Amino acid sequence: MIEMEDEFLSEEDLDLRNMTWEELVAYWNLWLLQAQATNDADPPYTHGVLVDMTWDDVPRTRETGREHEA
Amino acid sequence: MADENPYVELTAAFNQGRLRAILSSGQAVVMHRLAVMSKDGAWILREDAEVMQHVLDVLGERGARYRLGAPLDCRWLAGGWSAHLEHRRGPLRLRTDFVTRPPRLSEGELDRVWNDAATTDPPVLGLEPLAKLKKTNREKDYAVIGELARQMPEARSQLLFSRSARDLLRLAQVHRDLVEELAGQRPLLLRVADGRDALEEALDAERRALIRANEKRLLAYREAMQAWTAVWPEVAAQAAALPLAEAHAIVVERAEGVLPWAPPDENGGAP
């Protein structure tokens, strides 16, 4: 009898387990590089106590629209 | 041979000479070989002035700047606040986020996290505390918890963290005594006897309750930092173009008296 499983992540994700460390790092670095394409569209925070902030909540410079950095 | 990963390299730099930082959240998920799904880095730091200074030194050498958040200072981080910095490494924008009191971990659990981290290289947050951290208000984190639970070696842990009704039913068939024992910690285990539909409803309700609890926690911090957010552009202008060490001194001085050590009724991030 075929038994179904609840799926949480894709087969591609779970294939990380079969990679060597070098393969994992290469894939990870490539993913990070490709992900730079969406930098401007990313939410302002992905960790910590500010994760529910939107760009409307973050003070930004009038001239460039970039967030203020200290 | 693949280049070193920037987050692994930063973790090694933070920990040069002693254990100071544990790689957490999304990059820890990669280290557990579950998925690459986050491009920012998060670390749990030891709550110790030397640690703050060392991390600032490492980031200062890399040209990092503060983003709006708490100063990298034990007085605020002990109140559950997070500090946020950012720098560039070649084509990569690296956001680096820090806490010393990760949410939903008790003091005892945090002690165990540090003991366990001393045995891993690089230091990476373990499966169970990572699953607790992932009880956020983002739906995608519950998928991660589901897979983390499947990697947990003990049935007890799987019963406490599984997001799959099928998995829970299978576990319950073999570990009926454990289900009774753990139902006090996870009430939905009482629904195992009612079958898959009831258990799936209970999993959905549990997720919604966790999401609401986290939203309430985040709201307390957002409200407590309103005055700090308002003065941040002025603070940033004052520190603009200064090396990070000098910028840090300004950020700390300006935050004192404006950003409370902790939000009212918040006990430092513990549940």
# chains A, B, ... in the order shown; residues from 1 in each chain; ligands from 1
>>> interface_residues(of="chain B", to="chain A", cutoff="6 Å", atoms="only C-alpha atoms", output="ChimeraX atom specification")
/B:2,5,33-35,39,65-67,82,143,218,233,236,239-240
>>> write_last_selection(atoms="N, CA and C atoms", output="compact mmCIF listing (two decimals), in the first residue's frame")
# COMPACT_ATOMS: atom_id res chain seq x y z
N ALA B 2 35.19 24.99 -3.24
CA ALA B 2 34.29 26.13 -3.04
C ALA B 2 34.93 27.17 -2.14
N ASN B 5 32.11 30.18 2.94
CA ASN B 5 30.85 30.91 3.02
C ASN B 5 31.00 32.12 3.94
N ARG B 33 21.35 21.38 6.96
CA ARG B 33 21.11 20.83 5.62
C ARG B 33 19.63 20.62 5.31
N LEU B 34 18.85 21.62 5.71
CA LEU B 34 17.41 21.54 5.43
C LEU B 34 17.01 22.38 4.23
N ALA B 35 17.53 23.61 4.15
CA ALA B 35 17.14 24.49 3.04
C ALA B 35 18.00 25.74 3.09
N LYS B 39 18.91 35.12 3.44
CA LYS B 39 20.21 35.68 3.05
C LYS B 39 20.83 36.55 4.12
N ARG B 65 28.07 49.12 9.27
CA ARG B 65 27.34 50.27 9.79
C ARG B 65 26.16 49.77 10.61
N TYR B 66 25.78 50.55 11.61
CA TYR B 66 24.57 50.24 12.38
C TYR B 66 23.32 50.52 11.56
N ARG B 67 22.35 49.64 11.68
CA ARG B 67 21.00 49.92 11.20
C ARG B 67 20.14 50.22 12.43
N SER B 82 17.30 43.32 19.87
CA SER B 82 18.23 42.83 18.85
C SER B 82 19.00 44.01 18.27
N ALA B 143 6.98 25.29 8.37
CA ALA B 143 7.46 24.22 7.49
C ALA B 143 8.86 23.79 7.92
N LEU B 218 6.37 41.14 19.72
CA LEU B 218 7.01 42.12 18.84
C LEU B 218 6.40 43.51 19.01
N PRO B 233 17.28 59.15 12.71
CA PRO B 233 17.92 59.89 11.60
C PRO B 233 18.97 60.88 12.10
N ALA B 236 22.01 58.87 13.26
CA ALA B 236 22.74 58.38 12.09
C ALA B 236 23.54 59.51 11.44
N ALA B 239 26.67 60.15 13.39
CA ALA B 239 27.69 59.10 13.30
C ALA B 239 28.15 58.83 11.87
N ALA B 240 27.53 59.49 10.93
CA ALA B 240 27.84 59.21 9.51
C ALA B 240 29.33 59.39 9.25
>>> residues_around(residues="region 249-258 of chain B", least_positions_apart="3", cutoff="6 Å", atoms="only C-alpha atoms", output="PDB file with C-alpha atoms, in the first residue's frame")
ATOM      1  CA  PRO B  71      23.152  49.160  20.371  1.00  0.00           C
ATOM      2  CA  TRP B 228      14.400  55.836  19.497  1.00  0.00           C
ATOM      3  CA  GLU B 246      33.182  55.780  17.154  1.00  0.00           C
TER       4      GLU B 246
END
>>> residues_around(residues="Ala213 (chain B)", least_positions_apart="4", cutoff="12 Å", atoms="only C-alpha atoms", output="PDB file with N, CA, C and O atoms, in the first residue's frame")
ATOM      1  N   PRO B 103      14.232  34.532  21.785  1.00  0.00           N
ATOM      2  CA  PRO B 103      12.875  34.352  22.306  1.00  0.00           C
ATOM      3  C   PRO B 103      12.537  32.882  22.542  1.00  0.00           C
ATOM      4  O   PRO B 103      13.046  31.999  21.865  1.00  0.00           O
ATOM      5  N   ARG B 104      11.706  32.656  23.514  1.00  0.00           N
ATOM      6  CA  ARG B 104      11.121  31.344  23.806  1.00  0.00           C
ATOM      7  C   ARG B 104      12.120  30.330  24.373  1.00  0.00           C
ATOM      8  O   ARG B 104      11.814  29.157  24.473  1.00  0.00           O
ATOM      9  N   LYS B 135       9.312  29.478  16.033  1.00  0.00           N
ATOM     10  CA  LYS B 135       7.881  29.661  16.317  1.00  0.00           C
ATOM     11  C   LYS B 135       7.556  31.151  16.225  1.00  0.00           C
ATOM     12  O   LYS B 135       7.208  31.815  17.191  1.00  0.00           O
ATOM     13  N   THR B 136       7.685  31.681  15.034  1.00  0.00           N
ATOM     14  CA  THR B 136       7.528  33.112  14.779  1.00  0.00           C
ATOM     15  C   THR B 136       6.129  33.395  14.250  1.00  0.00           C
ATOM     16  O   THR B 136       5.252  32.526  14.298  1.00  0.00           O
ATOM     17  N   ASN B 137       5.944  34.587  13.697  1.00  0.00           N
ATOM     18  CA  ASN B 137       4.652  34.858  13.048  1.00  0.00           C
ATOM     19  C   ASN B 137       4.739  34.717  11.527  1.00  0.00           C
ATOM     20  O   ASN B 137       3.910  35.248  10.818  1.00  0.00           O
ATOM     21  N   GLU B 206      -2.794  25.519  16.986  1.00  0.00           N
ATOM     22  CA  GLU B 206      -1.552  25.744  17.730  1.00  0.00           C
ATOM     23  C   GLU B 206      -0.672  26.767  16.998  1.00  0.00           C
ATOM     24  O   GLU B 206      -0.107  27.676  17.618  1.00  0.00           O
ATOM     25  N   ARG B 207      -0.569  26.618  15.674  1.00  0.00           N
ATOM     26  CA  ARG B 207       0.248  27.549  14.896  1.00  0.00           C
ATOM     27  C   ARG B 207      -0.298  28.970  15.005  1.00  0.00           C
ATOM     28  O   ARG B 207       0.452  29.918  15.217  1.00  0.00           O
ATOM     29  N   ARG B 208      -1.610  29.105  14.889  1.00  0.00           N
ATOM     30  CA  ARG B 208      -2.199  30.453  14.981  1.00  0.00           C
ATOM     31  C   ARG B 208      -1.954  31.071  16.360  1.00  0.00           C
ATOM     32  O   ARG B 208      -1.674  32.263  16.474  1.00  0.00           O
ATOM     33  N   ALA B 209      -2.042  30.249  17.405  1.00  0.00           N
ATOM     34  CA  ALA B 209      -1.807  30.771  18.768  1.00  0.00           C
ATOM     35  C   ALA B 209      -0.357  31.213  18.928  1.00  0.00           C
ATOM     36  O   ALA B 209      -0.073  32.249  19.539  1.00  0.00           O
ATOM     37  N   ARG B 217       4.443  39.893  21.371  1.00  0.00           N
ATOM     38  CA  ARG B 217       5.796  40.165  21.877  1.00  0.00           C
ATOM     39  C   ARG B 217       6.461  41.265  21.038  1.00  0.00           C
ATOM     40  O   ARG B 217       7.034  42.211  21.578  1.00  0.00           O
ATOM     41  N   LEU B 218       6.373  41.138  19.720  1.00  0.00           N
ATOM     42  CA  LEU B 218       7.014  42.125  18.842  1.00  0.00           C
ATOM     43  C   LEU B 218       6.397  43.510  19.009  1.00  0.00           C
ATOM     44  O   LEU B 218       7.097  44.525  18.968  1.00  0.00           O
ATOM     45  N   LEU B 219       5.096  43.539  19.223  1.00  0.00           N
ATOM     46  CA  LEU B 219       4.407  44.824  19.391  1.00  0.00           C
ATOM     47  C   LEU B 219       4.946  45.566  20.614  1.00  0.00           C
ATOM     48  O   LEU B 219       5.124  46.793  20.580  1.00  0.00           O
ATOM     49  N   ALA B 220       5.238  44.829  21.679  1.00  0.00           N
ATOM     50  CA  ALA B 220       5.768  45.461  22.897  1.00  0.00           C
ATOM     51  C   ALA B 220       7.098  46.153  22.598  1.00  0.00           C
ATOM     52  O   ALA B 220       7.358  47.265  23.071  1.00  0.00           O
ATOM     53  N   PRO B 271      10.100  33.059  27.667  1.00  0.00           N
ATOM     54  CA  PRO B 271       8.663  32.896  27.404  1.00  0.00           C
ATOM     55  C   PRO B 271       7.808  33.440  28.539  1.00  0.00           C
ATOM     56  O   PRO B 271       8.236  33.473  29.665  1.00  0.00           O
TER      57      PRO B 271
END
>>> closest_residue(among="B:Glu234, B:Asp177, B:Glu9, B:Asp40", to="Val58 (chain B)", atoms="only C-alpha atoms")
B:Glu9
>>> select_by_dssp(residues="region 137-203 of chain B", states="helix (DSSP H, G or I)", output="PyMOL selection string")
chain B and resi 139-151+155-161+165-174+176-182+187-194+196-203
>>> write_last_selection(atoms="N, CA and C atoms", output="compact mmCIF listing (two decimals), in the first residue's frame")
# COMPACT_ATOMS: atom_id res chain seq x y z
N GLU B 139 4.53 32.10 8.39
CA GLU B 139 4.04 30.76 8.07
C GLU B 139 5.17 29.83 7.64
N LYS B 140 6.12 30.37 6.86
CA LYS B 140 7.16 29.50 6.28
C LYS B 140 8.02 28.86 7.38
N ASP B 141 8.10 29.49 8.56
CA ASP B 141 8.92 28.93 9.62
C ASP B 141 8.33 27.63 10.17
N TYR B 142 7.03 27.45 10.04
CA TYR B 142 6.41 26.23 10.55
C TYR B 142 6.74 25.03 9.66
N ALA B 143 6.98 25.29 8.37
CA ALA B 143 7.46 24.22 7.49
C ALA B 143 8.86 23.79 7.92
N VAL B 144 9.68 24.77 8.29
CA VAL B 144 11.03 24.45 8.75
C VAL B 144 10.97 23.64 10.05
N ILE B 145 10.09 24.05 10.96
CA ILE B 145 9.96 23.29 12.22
C ILE B 145 9.58 21.84 11.91
N GLY B 146 8.68 21.67 10.93
CA GLY B 146 8.26 20.32 10.56
C GLY B 146 9.42 19.44 10.15
N GLU B 147 10.34 20.00 9.35
CA GLU B 147 11.50 19.21 8.93
C GLU B 147 12.53 19.08 10.05
N LEU B 148 12.68 20.14 10.85
CA LEU B 148 13.61 20.03 11.98
C LEU B 148 13.18 18.89 12.89
N ALA B 149 11.87 18.80 13.14
CA ALA B 149 11.35 17.74 14.02
C ALA B 149 11.71 16.36 13.48
N ARG B 150 11.67 16.21 12.16
CA ARG B 150 11.98 14.90 11.57
C ARG B 150 13.45 14.54 11.73
N GLN B 151 14.30 15.56 11.95
CA GLN B 151 15.73 15.28 12.16
C GLN B 151 16.04 15.00 13.63
N ALA B 155 12.14 10.37 20.09
CA ALA B 155 10.69 10.42 19.89
C ALA B 155 10.07 11.52 20.75
N ARG B 156 10.60 11.71 21.94
CA ARG B 156 10.09 12.76 22.84
C ARG B 156 10.14 14.13 22.15
N SER B 157 11.27 14.45 21.54
CA SER B 157 11.42 15.74 20.86
C SER B 157 10.51 15.81 19.64
N GLN B 158 10.43 14.72 18.91
CA GLN B 158 9.56 14.72 17.71
C GLN B 158 8.11 14.98 18.11
N LEU B 159 7.69 14.36 19.22
CA LEU B 159 6.31 14.57 19.67
C LEU B 159 6.07 16.02 20.09
N LEU B 160 7.10 16.66 20.61
CA LEU B 160 6.94 18.04 21.06
C LEU B 160 6.98 19.06 19.91
N PHE B 161 7.61 18.68 18.79
CA PHE B 161 7.80 19.68 17.74
C PHE B 161 7.18 19.33 16.39
N ALA B 165 0.45 15.68 11.28
CA ALA B 165 -0.50 14.81 11.98
C ALA B 165 -0.17 13.35 11.73
N ARG B 166 0.23 13.03 10.50
CA ARG B 166 0.57 11.63 10.18
C ARG B 166 1.75 11.16 11.03
N ASP B 167 2.79 12.02 11.11
CA ASP B 167 3.96 11.64 11.91
C ASP B 167 3.57 11.45 13.38
N LEU B 168 2.75 12.36 13.88
CA LEU B 168 2.35 12.28 15.30
C LEU B 168 1.55 11.01 15.56
N LEU B 169 0.67 10.65 14.63
CA LEU B 169 -0.13 9.43 14.82
C LEU B 169 0.77 8.20 14.83
N ARG B 170 1.75 8.20 13.92
CA ARG B 170 2.68 7.05 13.88
C ARG B 170 3.49 6.98 15.18
N LEU B 171 3.97 8.12 15.62
CA LEU B 171 4.76 8.15 16.86
C LEU B 171 3.91 7.70 18.05
N ALA B 172 2.66 8.14 18.06
CA ALA B 172 1.79 7.83 19.19
C ALA B 172 1.49 6.33 19.29
N GLN B 173 1.46 5.66 18.13
CA GLN B 173 1.21 4.21 18.17
C GLN B 173 2.31 3.48 18.91
N VAL B 174 3.53 3.98 18.77
CA VAL B 174 4.70 3.32 19.37
C VAL B 174 4.99 3.84 20.77
N ARG B 176 2.85 5.45 23.30
CA ARG B 176 1.62 5.92 23.95
C ARG B 176 1.91 6.57 25.30
N ASP B 177 2.86 5.97 26.05
CA ASP B 177 3.17 6.52 27.39
C ASP B 177 3.76 7.92 27.29
N LEU B 178 4.59 8.12 26.26
CA LEU B 178 5.20 9.44 26.08
C LEU B 178 4.15 10.49 25.73
N VAL B 179 3.17 10.09 24.93
CA VAL B 179 2.11 11.02 24.54
C VAL B 179 1.39 11.53 25.79
N GLU B 180 1.08 10.61 26.69
CA GLU B 180 0.38 11.02 27.93
C GLU B 180 1.28 11.94 28.76
N GLU B 181 2.55 11.57 28.83
CA GLU B 181 3.49 12.36 29.65
C GLU B 181 3.68 13.78 29.09
N LEU B 182 3.71 13.90 27.76
CA LEU B 182 4.05 15.19 27.14
C LEU B 182 2.83 16.07 26.86
N PRO B 187 -0.59 20.41 24.58
CA PRO B 187 -1.95 19.89 24.75
C PRO B 187 -2.54 19.22 23.51
N LEU B 188 -2.06 19.59 22.30
CA LEU B 188 -2.67 18.97 21.11
C LEU B 188 -2.43 17.47 21.05
N LEU B 189 -1.47 16.98 21.84
CA LEU B 189 -1.23 15.53 21.86
C LEU B 189 -2.45 14.78 22.41
N LEU B 190 -3.28 15.48 23.17
CA LEU B 190 -4.51 14.86 23.68
C LEU B 190 -5.47 14.54 22.54
N ARG B 191 -5.28 15.17 21.37
CA ARG B 191 -6.19 14.96 20.24
C ARG B 191 -5.77 13.77 19.37
N VAL B 192 -4.66 13.13 19.71
CA VAL B 192 -4.20 11.99 18.92
C VAL B 192 -5.29 10.93 18.82
N ALA B 193 -5.97 10.71 19.92
CA ALA B 193 -7.00 9.66 19.94
C ALA B 193 -8.18 9.99 19.03
N ASP B 194 -8.31 11.26 18.65
CA ASP B 194 -9.46 11.68 17.84
C ASP B 194 -9.21 11.56 16.34
N ARG B 196 -6.80 11.84 12.53
CA ARG B 196 -5.99 12.78 11.75
C ARG B 196 -6.65 14.15 11.57
N ASP B 197 -7.96 14.16 11.25
CA ASP B 197 -8.62 15.45 11.01
C ASP B 197 -8.55 16.33 12.26
N ALA B 198 -8.84 15.74 13.40
CA ALA B 198 -8.84 16.51 14.65
C ALA B 198 -7.43 17.01 14.97
N LEU B 199 -6.46 16.17 14.69
CA LEU B 199 -5.08 16.54 14.98
C LEU B 199 -4.62 17.66 14.04
N GLU B 200 -5.01 17.59 12.80
CA GLU B 200 -4.65 18.67 11.85
C GLU B 200 -5.29 19.99 12.26
N GLU B 201 -6.54 19.92 12.72
CA GLU B 201 -7.18 21.15 13.22
C GLU B 201 -6.42 21.70 14.41
N ALA B 202 -6.00 20.80 15.29
CA ALA B 202 -5.26 21.24 16.49
C ALA B 202 -3.91 21.82 16.11
N LEU B 203 -3.25 21.25 15.10
CA LEU B 203 -1.96 21.81 14.64
C LEU B 203 -2.16 23.21 14.08
>>> residues_around(residues="Val51 (chain B)", least_positions_apart="2", cutoff="10 Å", atoms="only C-alpha atoms", output="PyMOL selection string")
chain B and resi 14-15+18-21+45-49+53-57+72-74
>>> atom_distance(atom1="CA of Met52 (chain B)", atom2="CA of Ala245 (chain B)")
11.1 Å
